[in-house]
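Enquirer: Sharing upload.txt (compact mmCIF, C-alpha atoms) below.
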```
# COMPACT_ATOMS: atom_id res chain seq x y z
CA MET A 675 4.01 -10.97 40.01
CA GLU A 676 6.77 -11.00 42.65
CA HIS A 677 7.10 -7.23 42.43
CA GLU A 678 3.42 -6.49 42.98
CA PRO A 679 2.51 -4.64 46.19
CA LEU A 680 1.25 -6.59 49.20
CA HIS A 681 -2.15 -4.89 49.05
CA PRO A 682 -4.02 -4.35 45.75
CA PRO A 683 -5.49 -0.94 44.97
CA ILE A 684 -8.80 -0.23 46.61
CA SER A 685 -10.69 -0.78 43.33
CA GLN A 686 -9.55 -4.43 43.34
CA LYS A 687 -9.79 -4.94 47.11
CA ILE A 688 -13.35 -3.80 47.78
CA HIS A 689 -16.22 -5.91 46.47
CA TRP A 690 -19.06 -3.42 46.19
CA GLN A 691 -22.73 -4.14 46.71
CA LEU A 692 -23.90 -1.52 44.27
CA ASP A 693 -27.09 -0.24 45.70
CA LEU A 694 -28.33 3.10 46.80
CA SER A 695 -30.09 1.77 49.85
CA PHE A 696 -28.11 0.94 52.99
CA ARG A 697 -30.13 -2.29 53.32
CA HIS A 698 -27.93 -4.17 50.87
CA PHE A 699 -24.49 -3.75 52.34
CA ASN A 700 -21.91 -6.42 51.59
CA TYR A 701 -21.93 -8.19 54.94
CA THR A 702 -20.70 -11.48 53.43
CA THR A 703 -17.32 -10.23 52.19
CA PRO A 704 -15.56 -10.42 55.60
CA LEU A 705 -16.74 -14.01 55.98
CA ILE A 706 -15.50 -14.99 52.54
CA GLU A 707 -12.10 -13.41 53.09
CA SER A 708 -11.67 -14.84 56.58
CA ILE A 709 -12.16 -18.50 55.64
CA ARG A 710 -10.11 -18.41 52.45
CA GLY A 711 -6.68 -19.97 52.34
CA ASN A 712 -5.86 -23.33 53.90
CA GLY A 713 -9.11 -25.07 52.93
CA ALA A 714 -8.81 -27.96 55.38
CA SER A 715 -8.36 -25.85 58.47
CA SER A 716 -11.18 -23.75 59.83
CA VAL A 717 -8.89 -21.76 62.16
CA VAL A 718 -7.39 -18.54 60.90
CA LYS A 719 -4.85 -16.17 62.40
CA PRO A 720 -5.72 -14.19 65.55
CA ILE A 721 -6.34 -11.18 63.31
CA PRO A 722 -8.09 -12.77 60.34
CA ALA A 723 -7.79 -11.70 56.75
CA ALA A 724 -11.32 -10.35 57.03
CA PHE A 725 -10.04 -7.44 59.07
CA VAL A 726 -6.95 -6.61 57.03
CA GLY A 727 -7.68 -3.49 55.02
CA ALA A 728 -6.30 -2.05 51.84
CA PRO A 729 -4.01 1.00 52.24
CA MET A 730 -6.88 3.47 51.98
CA GLU A 731 -8.90 1.53 54.55
CA SER A 732 -6.31 1.53 57.30
CA SER A 733 -7.36 4.69 59.13
CA LYS A 734 -10.44 6.52 60.29
CA ALA A 735 -9.59 9.37 57.93
CA SER A 736 -9.66 7.04 54.92
CA PHE A 737 -12.91 5.47 56.16
CA ILE A 738 -14.52 8.90 56.41
CA THR A 739 -13.22 9.82 52.95
CA LYS A 740 -14.65 6.63 51.45
CA MET A 741 -17.97 7.21 53.23
CA VAL A 742 -18.22 10.78 51.91
CA LEU A 743 -17.39 9.69 48.36
CA LEU A 744 -19.96 6.88 48.42
CA ASP A 745 -22.67 9.16 49.82
CA ALA A 746 -21.86 11.69 47.10
CA ALA A 747 -22.29 8.95 44.50
CA LYS A 748 -25.61 7.92 46.07
CA ALA A 749 -26.81 11.53 46.08
CA ALA A 750 -26.06 11.76 42.36
CA VAL A 751 -28.34 8.81 41.55
CA ALA A 752 -31.01 9.48 44.21
CA PRO A 753 -33.61 10.57 41.58
CA PHE A 754 -33.59 7.03 40.16
CA GLU A 755 -34.30 5.68 43.65
CA ARG A 756 -37.35 7.90 44.12
CA VAL A 757 -38.75 7.02 40.70
CA LYS A 758 -38.24 3.33 41.47
CA LEU A 759 -40.12 3.70 44.78
CA LEU A 760 -42.96 5.65 43.15
CA MET A 761 -43.45 3.01 40.47
CA GLN A 762 -43.04 0.15 42.94
CA ASN A 763 -45.74 1.53 45.26
CA GLN A 764 -47.99 3.29 42.76
CA ASN A 765 -50.97 1.01 43.42
CA ASP A 766 -50.94 1.92 47.10
CA ILE A 767 -50.56 5.60 46.23
CA ILE A 768 -53.60 5.35 43.93
CA LYS A 769 -55.64 3.67 46.67
CA SER A 770 -54.80 6.54 49.02
CA GLY A 771 -56.20 9.01 46.48
CA ARG A 772 -52.93 10.85 45.93
CA LEU A 773 -52.32 9.60 42.40
CA PRO A 774 -55.12 9.65 39.79
CA LYS A 775 -53.72 6.95 37.48
CA PRO A 776 -50.69 4.67 37.11
CA TYR A 777 -47.46 5.87 35.56
CA ASN A 778 -46.93 4.87 31.92
CA GLY A 779 -43.23 4.21 32.39
CA ILE A 780 -39.99 5.46 33.89
CA PHE A 781 -39.76 8.64 31.83
CA HIS A 782 -43.44 9.44 32.40
CA CYS A 783 -42.84 9.10 36.15
CA PHE A 784 -39.85 11.46 35.91
CA ALA A 785 -41.81 14.00 33.87
CA THR A 786 -44.91 13.86 36.07
CA THR A 787 -42.92 14.28 39.27
CA ILE A 788 -40.92 17.22 37.92
CA ARG A 789 -44.02 18.91 36.48
CA HIS A 790 -46.08 18.66 39.67
CA GLU A 791 -43.42 18.94 42.38
CA GLY A 792 -40.29 20.47 40.82
CA ILE A 793 -36.94 18.96 39.95
CA PHE A 794 -35.57 19.04 43.49
CA SER A 795 -38.41 16.80 44.66
CA LEU A 796 -36.54 13.91 43.01
CA TRP A 797 -34.31 13.94 46.10
CA ARG A 798 -37.25 13.72 48.51
CA GLY A 799 -36.60 11.00 51.06
CA TYR A 800 -32.89 10.84 50.29
CA PRO A 801 -31.61 12.80 53.36
CA VAL A 802 -33.12 10.40 55.89
CA MET A 803 -31.83 7.41 53.91
CA ALA A 804 -28.39 9.02 53.83
CA ILE A 805 -28.47 9.38 57.63
CA GLY A 806 -29.32 5.70 57.97
CA ASP A 807 -26.57 4.86 55.49
CA VAL A 808 -23.98 6.71 57.56
CA PHE A 809 -25.17 4.99 60.73
CA SER A 810 -24.95 1.55 59.11
CA MET A 811 -21.38 2.12 57.90
CA VAL A 812 -20.27 3.50 61.26
CA ILE A 813 -21.81 0.55 63.13
CA ARG A 814 -20.14 -2.02 60.89
CA TYR A 815 -16.82 -0.19 61.00
CA ASN A 816 -16.76 -0.08 64.80
CA ILE A 817 -17.84 -3.71 65.17
CA PHE A 818 -15.03 -4.98 62.95
CA GLU A 819 -12.49 -2.55 64.40
CA TYR A 820 -13.31 -3.94 67.84
CA ALA A 821 -12.96 -7.49 66.52
CA LYS A 822 -9.50 -6.66 65.15
CA THR A 823 -8.32 -5.78 68.67
CA ARG A 824 -9.45 -9.12 70.12
CA GLU A 825 -6.26 -11.06 69.46
CA ASP A 826 -7.17 -13.43 72.28
CA ILE A 827 -10.00 -14.88 70.21
CA ARG A 828 -9.36 -17.76 67.84
CA TRP A 829 -11.28 -16.64 64.78
CA THR A 830 -12.78 -19.83 63.46
CA SER A 831 -15.10 -19.65 60.46
CA MET A 832 -18.07 -20.15 62.79
CA ARG A 833 -17.08 -17.22 65.00
CA VAL A 834 -16.58 -14.99 61.99
CA LEU A 835 -20.03 -16.03 60.80
CA GLU A 836 -21.47 -15.16 64.22
CA LEU A 837 -19.78 -11.76 64.10
CA ASN A 838 -21.21 -11.08 60.66
CA CYS A 839 -24.68 -12.06 61.87
CA VAL A 840 -24.40 -9.72 64.87
CA ALA A 841 -23.24 -6.83 62.66
CA PHE A 842 -25.99 -7.58 60.15
CA PHE A 843 -28.84 -7.80 62.65
CA ALA A 844 -27.70 -4.84 64.77
CA THR A 845 -27.39 -2.64 61.70
CA GLN A 846 -30.80 -3.55 60.33
CA LEU A 847 -32.49 -3.17 63.71
CA LEU A 848 -31.14 0.35 64.18
CA VAL A 849 -31.47 1.71 60.64
CA HIS A 850 -34.80 0.17 59.52
CA PRO A 851 -36.79 3.15 60.91
CA PHE A 852 -34.71 5.41 58.63
CA LEU A 853 -35.55 3.18 55.68
CA TYR A 854 -39.23 3.35 56.64
CA ALA A 855 -39.21 7.15 56.90
CA GLY A 856 -37.32 7.51 53.63
CA THR A 857 -39.78 5.26 51.82
CA ARG A 858 -42.81 7.12 53.17
CA MET A 859 -41.38 10.51 52.22
CA ALA A 860 -40.29 9.36 48.75
CA THR A 861 -43.77 7.99 47.98
CA ASP A 862 -45.57 11.04 49.41
CA VAL A 863 -46.71 12.77 46.22
CA LYS A 864 -48.53 16.08 46.13
CA ILE A 865 -52.28 15.94 45.62
CA THR A 866 -53.05 17.27 42.16
CA GLY A 867 -54.91 20.58 42.25
CA ASN A 868 -54.45 24.02 43.74
CA SER A 869 -53.77 22.86 47.30
CA GLY A 870 -50.69 20.74 46.51
CA GLN A 871 -50.81 19.19 49.96
CA ARG A 872 -48.61 16.37 51.15
CA GLN A 873 -49.30 13.71 53.74
CA PHE A 874 -46.04 14.42 55.61
CA ASN A 875 -44.31 17.74 56.21
CA GLY A 876 -40.91 16.23 57.02
CA ILE A 877 -39.01 13.44 58.74
CA THR A 878 -40.22 14.30 62.23
CA ASP A 879 -43.82 14.42 60.95
CA VAL A 880 -43.45 10.88 59.59
CA TYR A 881 -42.29 9.58 62.95
CA ARG A 882 -44.88 11.58 64.91
CA LYS A 883 -47.86 10.37 62.89
CA THR A 884 -46.62 6.77 62.71
CA LEU A 885 -45.95 6.53 66.44
CA LYS A 886 -49.30 8.13 67.22
CA SER A 887 -51.28 5.73 65.02
CA TYR A 888 -49.33 2.46 65.25
CA GLY A 889 -46.69 2.80 67.95
CA ILE A 890 -43.09 1.69 67.63
CA VAL A 891 -44.19 -1.38 65.67
CA GLY A 892 -45.21 0.90 62.81
CA LEU A 893 -41.58 1.85 62.23
CA TYR A 894 -40.67 -1.79 61.64
CA ARG A 895 -43.18 -2.66 58.95
CA GLY A 896 -41.54 -4.97 56.45
CA PHE A 897 -38.64 -5.77 58.78
CA ASN A 898 -39.05 -9.56 58.64
CA ILE A 899 -39.19 -9.82 54.85
CA THR A 900 -36.23 -7.44 54.65
CA LEU A 901 -34.17 -9.84 56.77
CA VAL A 902 -35.15 -12.75 54.51
CA GLU A 903 -34.29 -10.67 51.45
CA LEU A 904 -30.84 -9.81 52.77
CA VAL A 905 -30.10 -13.41 53.78
CA MET A 906 -30.93 -14.53 50.24
CA LEU A 907 -28.84 -11.72 48.80
CA GLY A 908 -25.97 -12.74 51.04
CA ALA A 909 -26.27 -16.36 49.94
CA LEU A 910 -26.23 -15.32 46.30
CA SER A 911 -23.26 -13.06 46.92
CA THR A 912 -21.37 -15.92 48.58
CA GLY A 913 -22.16 -18.33 45.76
CA LEU A 914 -21.33 -15.92 42.95
CA SER A 915 -18.33 -14.29 44.62
CA PRO A 916 -15.68 -16.75 43.30
CA TRP A 917 -16.87 -16.18 39.74
CA LYS A 918 -17.06 -12.45 40.26
CA LEU A 919 -13.53 -12.33 41.67
CA TYR A 920 -12.25 -14.55 38.85
CA TYR A 921 -13.62 -12.35 36.08
CA SER A 922 -12.55 -9.18 37.92
CA TYR A 923 -9.01 -10.59 38.10
CA ILE A 924 -8.69 -11.62 34.46
CA LEU A 925 -10.20 -8.28 33.39
CA GLN A 926 -8.20 -6.14 35.84
CA ASN A 927 -6.53 -4.28 32.97
CA ASP A 928 -9.81 -3.72 31.13
CA TYR A 929 -11.60 -1.11 33.18
CA LEU A 930 -14.84 -1.00 31.15
CA SER A 931 -15.19 -4.79 31.23
CA ARG A 932 -14.73 -4.80 35.00
CA VAL A 933 -17.53 -2.26 35.32
CA MET A 934 -19.80 -4.47 33.20
CA VAL A 935 -18.94 -7.53 35.34
CA GLU A 936 -19.80 -5.61 38.54
CA PHE A 937 -23.05 -4.43 36.99
CA GLY A 938 -24.03 -7.89 35.70
CA PHE A 939 -23.49 -9.70 39.00
CA ASP A 940 -25.25 -7.02 41.03
CA ILE A 941 -28.26 -6.98 38.71
CA CYS A 942 -28.55 -10.77 39.09
CA GLY A 943 -28.75 -10.38 42.86
CA LYS A 944 -31.14 -7.44 42.73
CA MET A 945 -33.61 -9.07 40.35
CA ALA A 946 -33.54 -12.36 42.28
CA THR A 947 -34.72 -10.57 45.45
CA TYR A 948 -36.69 -7.68 43.95
CA SER A 949 -40.10 -9.20 44.69
CA MET A 950 -39.19 -9.34 48.39
CA ASP A 951 -38.16 -5.70 48.30
CA THR A 952 -41.56 -4.89 46.81
CA VAL A 953 -43.38 -6.71 49.62
CA SER A 954 -41.23 -4.93 52.21
CA ARG A 955 -41.97 -1.50 50.72
CA ARG A 956 -45.67 -2.22 50.32
CA MET A 957 -45.92 -3.25 53.97
CA MET A 958 -44.49 0.14 54.90
CA MET A 959 -47.33 1.86 53.07
CA THR A 960 -50.87 2.46 54.29
CA SER A 961 -52.84 0.73 51.55
CA GLY A 962 -56.10 2.64 51.70
CA GLY A 963 -58.42 0.39 53.71
CA VAL A 964 -56.14 -2.65 53.35
CA LYS A 965 -54.15 -3.56 56.44
CA TYR A 966 -51.63 -6.32 56.00
CA LYS A 967 -51.65 -8.64 59.01
CA SER A 968 -48.34 -10.32 58.19
CA THR A 969 -45.83 -10.87 55.41
CA LEU A 970 -47.68 -13.90 54.05
CA HIS A 971 -50.96 -11.98 54.15
CA ALA A 972 -49.38 -9.11 52.21
CA ILE A 973 -48.02 -11.48 49.56
CA ALA A 974 -51.39 -13.22 49.23
CA GLN A 975 -53.34 -9.94 48.96
CA ILE A 976 -51.01 -8.41 46.37
CA TRP A 977 -50.95 -11.62 44.32
CA LYS A 978 -54.74 -12.03 44.48
CA THR A 979 -55.77 -8.45 43.71
CA GLU A 980 -52.96 -7.19 41.47
CA GLY A 981 -51.18 -10.19 39.96
CA VAL A 982 -47.60 -11.43 39.88
CA LYS A 983 -46.44 -8.59 37.62
CA THR A 984 -46.98 -6.11 40.44
CA PHE A 985 -44.08 -7.61 42.38
CA TYR A 986 -41.76 -6.27 39.67
CA ASN A 987 -43.17 -2.76 39.29
CA GLY A 988 -40.23 -0.38 39.02
CA ALA A 989 -37.72 -3.10 38.11
CA GLY A 990 -36.65 -1.12 35.04
CA ALA A 991 -35.89 1.91 37.22
CA GLU A 992 -33.94 -0.38 39.56
CA ILE A 993 -31.78 -1.54 36.63
CA LEU A 994 -31.12 2.08 35.62
CA LEU A 995 -30.34 2.89 39.24
CA CYS A 996 -27.79 0.07 39.46
CA ALA A 997 -26.23 1.08 36.14
CA ALA A 998 -25.90 4.74 37.15
CA TYR A 999 -24.57 3.86 40.59
CA THR A 1000 -22.12 1.29 39.21
CA GLY A 1001 -20.68 3.82 36.78
CA THR A 1002 -20.49 6.56 39.40
CA VAL A 1003 -18.84 4.39 42.06
CA MET A 1004 -16.33 2.87 39.66
CA LEU A 1005 -15.43 6.37 38.49
CA VAL A 1006 -14.91 7.42 42.11
CA ILE A 1007 -12.75 4.33 42.72
CA TYR A 1008 -10.67 5.01 39.61
CA VAL A 1009 -10.05 8.62 40.60
CA ALA A 1010 -9.17 7.53 44.15
CA ASP A 1011 -6.66 5.00 42.81
CA VAL A 1012 -5.05 7.59 40.55
CA ILE A 1013 -4.80 10.12 43.38
CA ARG A 1014 -3.37 7.48 45.73
CA ALA A 1015 -0.81 6.39 43.13
CA ALA A 1016 0.24 9.97 42.47
CA THR A 1017 0.50 10.72 46.19
CA GLU A 1018 2.55 7.64 47.04
CA LYS A 1019 4.91 7.56 44.09
CA GLY A 1020 5.34 11.23 43.28
CA SER A 1021 4.51 13.20 40.19
CA ASP A 1022 6.53 11.03 37.77
CA ASP A 1023 5.00 7.79 38.99
CA GLY A 1024 1.64 9.55 39.03
CA ARG A 1025 1.99 10.12 35.30
CA SER A 1026 2.95 6.46 34.96
CA ALA A 1027 -0.26 5.44 36.76
CA LEU A 1028 -2.20 7.41 34.17
CA GLY A 1029 -0.52 5.52 31.33
CA PHE A 1030 1.98 8.13 30.17
CA THR A 1031 5.20 6.19 30.97
CA SER A 1032 6.34 5.42 27.43
CA ARG A 1033 5.17 8.77 26.12
CA TRP A 1034 7.24 10.78 28.62
CA LYS A 1035 10.33 8.59 28.69
CA ASP A 1036 13.49 10.38 27.66
CA PRO A 1037 14.83 8.66 24.50
CA ARG A 1038 18.42 9.47 25.60
CA GLY A 1039 17.90 7.42 28.77
CA LYS A 1040 18.37 10.41 31.07
```
Using C-alpha cells, write down the structure from this file.
Expert:
Amino acid sequence: MEHEPLHPPISQKIHWQLDLSFRHFNYTTPLIESIRGNGASSVVKPIPAAFVGAPMESSKASFITKMVLLDAAKAAVAPFERVKLLMQNQNDIIKSGRLPKPYNGIFHCFATTIRHEGIFSLWRGYPVMAIGDVFSMVIRYNIFEYAKTREDIRWTSMRVLELNCVAFFATQLLVHPFLYAGTRMATDVKITGNSGQRQFNGITDVYRKTLKSYGIVGLYRGFNITLVELVMLGALSTGLSPWKLYYSYILQNDYLSRVMVEFGFDICGKMATYSMDTVSRRMMMTSGGVKYKSTLHAIAQIWKTEGVKTFYNGAGAEILLCAAYTGTVMLVIYVADVIRAATEKGSDDGRSALGFTSRWKDPRGK
C-alpha cells in the first residue's frame, strides 16, 4: 500500500453517472470528496479535495480528450436513447396522428423506425443533445477551475454545497433548450404513407416554431420537474456513494465485477426517478389537444387517462441504454488507463500493466 501512487488511475478516481443525457451529470461527487476526511471539522484546505484531479484530469488537453471519448461513447449508444424516447412518448405521438398504433416492444420499435425512416434515423436528435452535453461539461469545468484559483476562500462544506448548486442550476438553465430540441426531434416520426413528412425539418425549425407559438417559455417545458428529478438523483447518489465506493474498492482487481457494480447502482438511481423523466418529456410534447397547465396537472392527466404503467413506458430501453453505455464507457476507461500506464512507464511497464510481467520475465534474471 505504501508504494501505491498518490493518485489512483482515472477508472478508480472518476465516479461516472452513466447516462446518455447531459441532464444527469454527477454534480454531487465534488461535494462528497470535499467534505471527506476529518469528520468533526467542516473546514477543508484552501484548495479542497473536490478540485484535486487525477493525472489525466490535470490539464485542458486531458479534459478535452475525456470529453471527446465520452461523446464518442454516447454516440455509439444513441439509438437506444431514441428508442427509449419514442416508447416513452408514444401516446403523445399517437394523439398527434403521427403514429397509427403503439409499439409492441423495444425490438418492434427498432424495426419500425428502421423500416420507415432508415437506420441513420436512430441518431435523430443526438447532435443537438451532444451540443448541450459539451456545453454542460465546459460550464462545470470552468466553474470548478475558477474555484480552484480562489485560495482566499475557506471552503467549508456549506460553501462547496453552494458552489455545486450554482454549477447545477446554471448548467440546467443554459442546456435545457438543447434537451427540449433533442427530445422533439427524436420523437418526430415520419407520417406513414407516400409523403413521409416530418413536423420539424431541423434544429432551427424546432426553435423557430416553438418560439413563434409559445415564446421562450416553450423551450423550458418540463424544467421544474427536471430540477426535482436531478435533486432526487443527487440525494440517491450521495446516499449510495459510500457503498458504491466500497464495492468498487474491494473489486478493483475484478474488472467485470466493477462494471456490474457501476451498472447496478446507476440502474437503481435511474429507475427511482424514471417516472419524473417521463413527466418532463411529456411536458415537452404537444399532446394533441391536451395542454398541460403545470407539472401537477400533467401528472394528474397522465395518471387519470393512461394509468400508472405509462410513467414507465420505455424503461426496458433505458436499462439497455445504461447497460450499453456502462460497457462502452468502462471499455474506454480501461483503454485510457492502459495507454496512460504504457506512456508513463515505458514499453516494459506497459506490458506489465497488461498483465504480461511474469510471462516476459527473463528466467536468468537479466
Enquirer: In Å, how far is it from atom CA of Glu791 of chain A to atom CA of Phe754 of chain A?
Expert: 15.6 Å
Enquirer: Which is closer to Ile813 of chain A than all the others in A:Phe737, A:Glu936, A:Ala841, A:Tyr966, using all atoms listed in the file?
Expert: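 When distances to Ile813 of chain A are compared using all atoms listed in the file, the smallest one comes from A:Ala841.
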Enquirer: Excluding segment 975-985 of chain A and residues on its chain fewer than 3 positions from it, collect all residues at most 8 Å away from it, counting only C-alpha atoms, and give them as an mmCIF file with C-alpha atoms, keeping the file's coordinate frame.
Expert:
```cif
data_model
loop_
_atom_site.group_PDB
_atom_site.id
_atom_site.type_symbol
_atom_site.label_atom_id
_atom_site.label_comp_id
_atom_site.auth_asym_id
_atom_site.auth_seq_id
_atom_site.Cartn_x
_atom_site.Cartn_y
_atom_site.Cartn_z
ATOM 1 C CA GLN A 762 -43.040 0.150 42.940
ATOM 2 C CA TYR A 948 -36.690 -7.680 43.950
ATOM 3 C CA SER A 949 -40.100 -9.200 44.690
ATOM 4 C CA MET A 950 -39.190 -9.340 48.390
ATOM 5 C CA THR A 952 -41.560 -4.890 46.810
ATOM 6 C CA VAL A 953 -43.380 -6.710 49.620
ATOM 7 C CA HIS A 971 -50.960 -11.980 54.150
ATOM 8 C CA ALA A 972 -49.380 -9.110 52.210
#
```
Enquirer: Find the residues around segment 772-780 of chain A up to 12 Å (all atoms listed in the file counted), leave out those fewer than 5 positions away in its own chain, and share them as a PyMOL selection string.
Expert: chain A and resi 753-767+785-787+790+861-867+870-873+961-962+984+987-995
Enquirer: Write out as an MDAnalysis selection string the residues lying within 10 Å of Met958 of chain A, counting only C-alpha atoms and excluding same-chain residues fewer than 3 positions away.
Expert: chainID A and resid 763 853:855 857:858 892:897 952:955 961 966
Enquirer: Of the residues A:Ile805, A:Leu743, A:Val849, A:Ile768, which is the one nearest to Tyr1008 of chain A, using all atoms listed in the file?
Expert: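 Of A:Ile805, A:Leu743, A:Val849, A:Ile768, the one nearest Tyr1008 of chain A is A:Leu743, counting all atoms listed in the file.
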Enquirer: Need the shell around Ala752 of chain A: protein/DNA/RNA residues with any atom at most 8 Å away, counting only C-alpha atoms. Skip same-chain ones fewer than 3 positions apart. Format as JSON, numbers by chain?
Expert: {"A": [694, 748, 749, 755, 756, 796, 797, 800]}
Enquirer: Let me see the file: selected residues, C-alpha atoms, as a JSON list (two decimals), in the coordinates of the input.
Expert:
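The result, stored in selection.json:
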```
[["chain", "number", "residue", "atom", "x", "y", "z"],
["A", 694, "LEU", "CA", -28.33, 3.10, 46.80],
["A", 748, "LYS", "CA", -25.61, 7.92, 46.07],
["A", 749, "ALA", "CA", -26.81, 11.53, 46.08],
["A", 755, "GLU", "CA", -34.30, 5.68, 43.65],
["A", 756, "ARG", "CA", -37.35, 7.90, 44.12],
["A", 796, "LEU", "CA", -36.54, 13.91, 43.01],
["A", 797, "TRP", "CA", -34.31, 13.94, 46.10],
["A", 800, "TYR", "CA", -32.89, 10.84, 50.29]]
```
Enquirer: Go through A:Leu848, A:Val834, A:Val751, A:Leu930 one by one, measure the shortest atom-to-atom distance of each to Val808 of chain A using only C-alpha atoms, and give the residue with the smallest value.
Expert: A:Leu848
Enquirer: Which residue out of A:Arg882, A:Arg932, A:Arg814, A:Lys769 has the minimum interatomic distance to Ala844 of chain A when all atoms listed in the file are used?
Expert: A:Arg814
Enquirer: Starting from 5 Å padding per side, set up an axis-aligned box that covers all listed atoms of segment 840-854 of chain A and hand over centre and edge lengths in Å, one decimal, as AutoDock Vina command-line options.
Expert:
```
--center_x -31.2 --center_y -2.2 --center_z 60.3 --size_x 26.0 --size_y 25.1 --size_z 19.2
```
Enquirer: With all atoms listed in the file counted, which protein, DNA or RNA residues have an atom no more than 12 Å from (-16.9, -5.1, 36.7) in the file frame? Please answer as JSON, numbers by chain.
Expert: {"A": [685, 686, 688, 689, 690, 691, 692, 917, 918, 919, 920, 921, 922, 923, 924, 925, 926, 927, 928, 929, 930, 931, 932, 933, 934, 935, 936, 937, 938, 939, 940, 941, 997, 1000, 1001, 1003, 1004, 1005, 1007]}
Enquirer: Would you write out those residues with C-alpha atoms, as a PDB file, in the frame of the given file?
Expert:
```
ATOM      1  CA  SER A 685     -10.690  -0.780  43.330  1.00  0.00           C
ATOM      2  CA  GLN A 686      -9.550  -4.430  43.340  1.00  0.00           C
ATOM      3  CA  ILE A 688     -13.350  -3.800  47.780  1.00  0.00           C
ATOM      4  CA  HIS A 689     -16.220  -5.910  46.470  1.00  0.00           C
ATOM      5  CA  TRP A 690     -19.060  -3.420  46.190  1.00  0.00           C
ATOM      6  CA  GLN A 691     -22.730  -4.140  46.710  1.00  0.00           C
ATOM      7  CA  LEU A 692     -23.900  -1.520  44.270  1.00  0.00           C
ATOM      8  CA  TRP A 917     -16.870 -16.180  39.740  1.00  0.00           C
ATOM      9  CA  LYS A 918     -17.060 -12.450  40.260  1.00  0.00           C
ATOM     10  CA  LEU A 919     -13.530 -12.330  41.670  1.00  0.00           C
ATOM     11  CA  TYR A 920     -12.250 -14.550  38.850  1.00  0.00           C
ATOM     12  CA  TYR A 921     -13.620 -12.350  36.080  1.00  0.00           C
ATOM     13  CA  SER A 922     -12.550  -9.180  37.920  1.00  0.00           C
ATOM     14  CA  TYR A 923      -9.010 -10.590  38.100  1.00  0.00           C
ATOM     15  CA  ILE A 924      -8.690 -11.620  34.460  1.00  0.00           C
ATOM     16  CA  LEU A 925     -10.200  -8.280  33.390  1.00  0.00           C
ATOM     17  CA  GLN A 926      -8.200  -6.140  35.840  1.00  0.00           C
ATOM     18  CA  ASN A 927      -6.530  -4.280  32.970  1.00  0.00           C
ATOM     19  CA  ASP A 928      -9.810  -3.720  31.130  1.00  0.00           C
ATOM     20  CA  TYR A 929     -11.600  -1.110  33.180  1.00  0.00           C
ATOM     21  CA  LEU A 930     -14.840  -1.000  31.150  1.00  0.00           C
ATOM     22  CA  SER A 931     -15.190  -4.790  31.230  1.00  0.00           C
ATOM     23  CA  ARG A 932     -14.730  -4.800  35.000  1.00  0.00           C
ATOM     24  CA  VAL A 933     -17.530  -2.260  35.320  1.00  0.00           C
ATOM     25  CA  MET A 934     -19.800  -4.470  33.200  1.00  0.00           C
ATOM     26  CA  VAL A 935     -18.940  -7.530  35.340  1.00  0.00           C
ATOM     27  CA  GLU A 936     -19.800  -5.610  38.540  1.00  0.00           C
ATOM     28  CA  PHE A 937     -23.050  -4.430  36.990  1.00  0.00           C
ATOM     29  CA  GLY A 938     -24.030  -7.890  35.700  1.00  0.00           C
ATOM     30  CA  PHE A 939     -23.490  -9.700  39.000  1.00  0.00           C
ATOM     31  CA  ASP A 940     -25.250  -7.020  41.030  1.00  0.00           C
ATOM     32  CA  ILE A 941     -28.260  -6.980  38.710  1.00  0.00           C
ATOM     33  CA  ALA A 997     -26.230   1.080  36.140  1.00  0.00           C
ATOM     34  CA  THR A1000     -22.120   1.290  39.210  1.00  0.00           C
ATOM     35  CA  GLY A1001     -20.680   3.820  36.780  1.00  0.00           C
ATOM     36  CA  VAL A1003     -18.840   4.390  42.060  1.00  0.00           C
ATOM     37  CA  MET A1004     -16.330   2.870  39.660  1.00  0.00           C
ATOM     38  CA  LEU A1005     -15.430   6.370  38.490  1.00  0.00           C
ATOM     39  CA  ILE A1007     -12.750   4.330  42.720  1.00  0.00           C
TER      40      ILE A1007
END
```
Enquirer: What's the separation between atom CA of Leu885 of chain A and atom CA of Leu970 of chain A, in Å to one decimal place?
Expert: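 It comes out at 24.0 Å.
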Enquirer: What does the distance between atom CA of Thr912 of chain A and atom CA of Ala1010 of chain A come to in Å, to one decimal place?
Expert: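 Taking atom CA of Thr912 of chain A as the start and atom CA of Ala1010 of chain A as the end point, the length is 26.8 Å.
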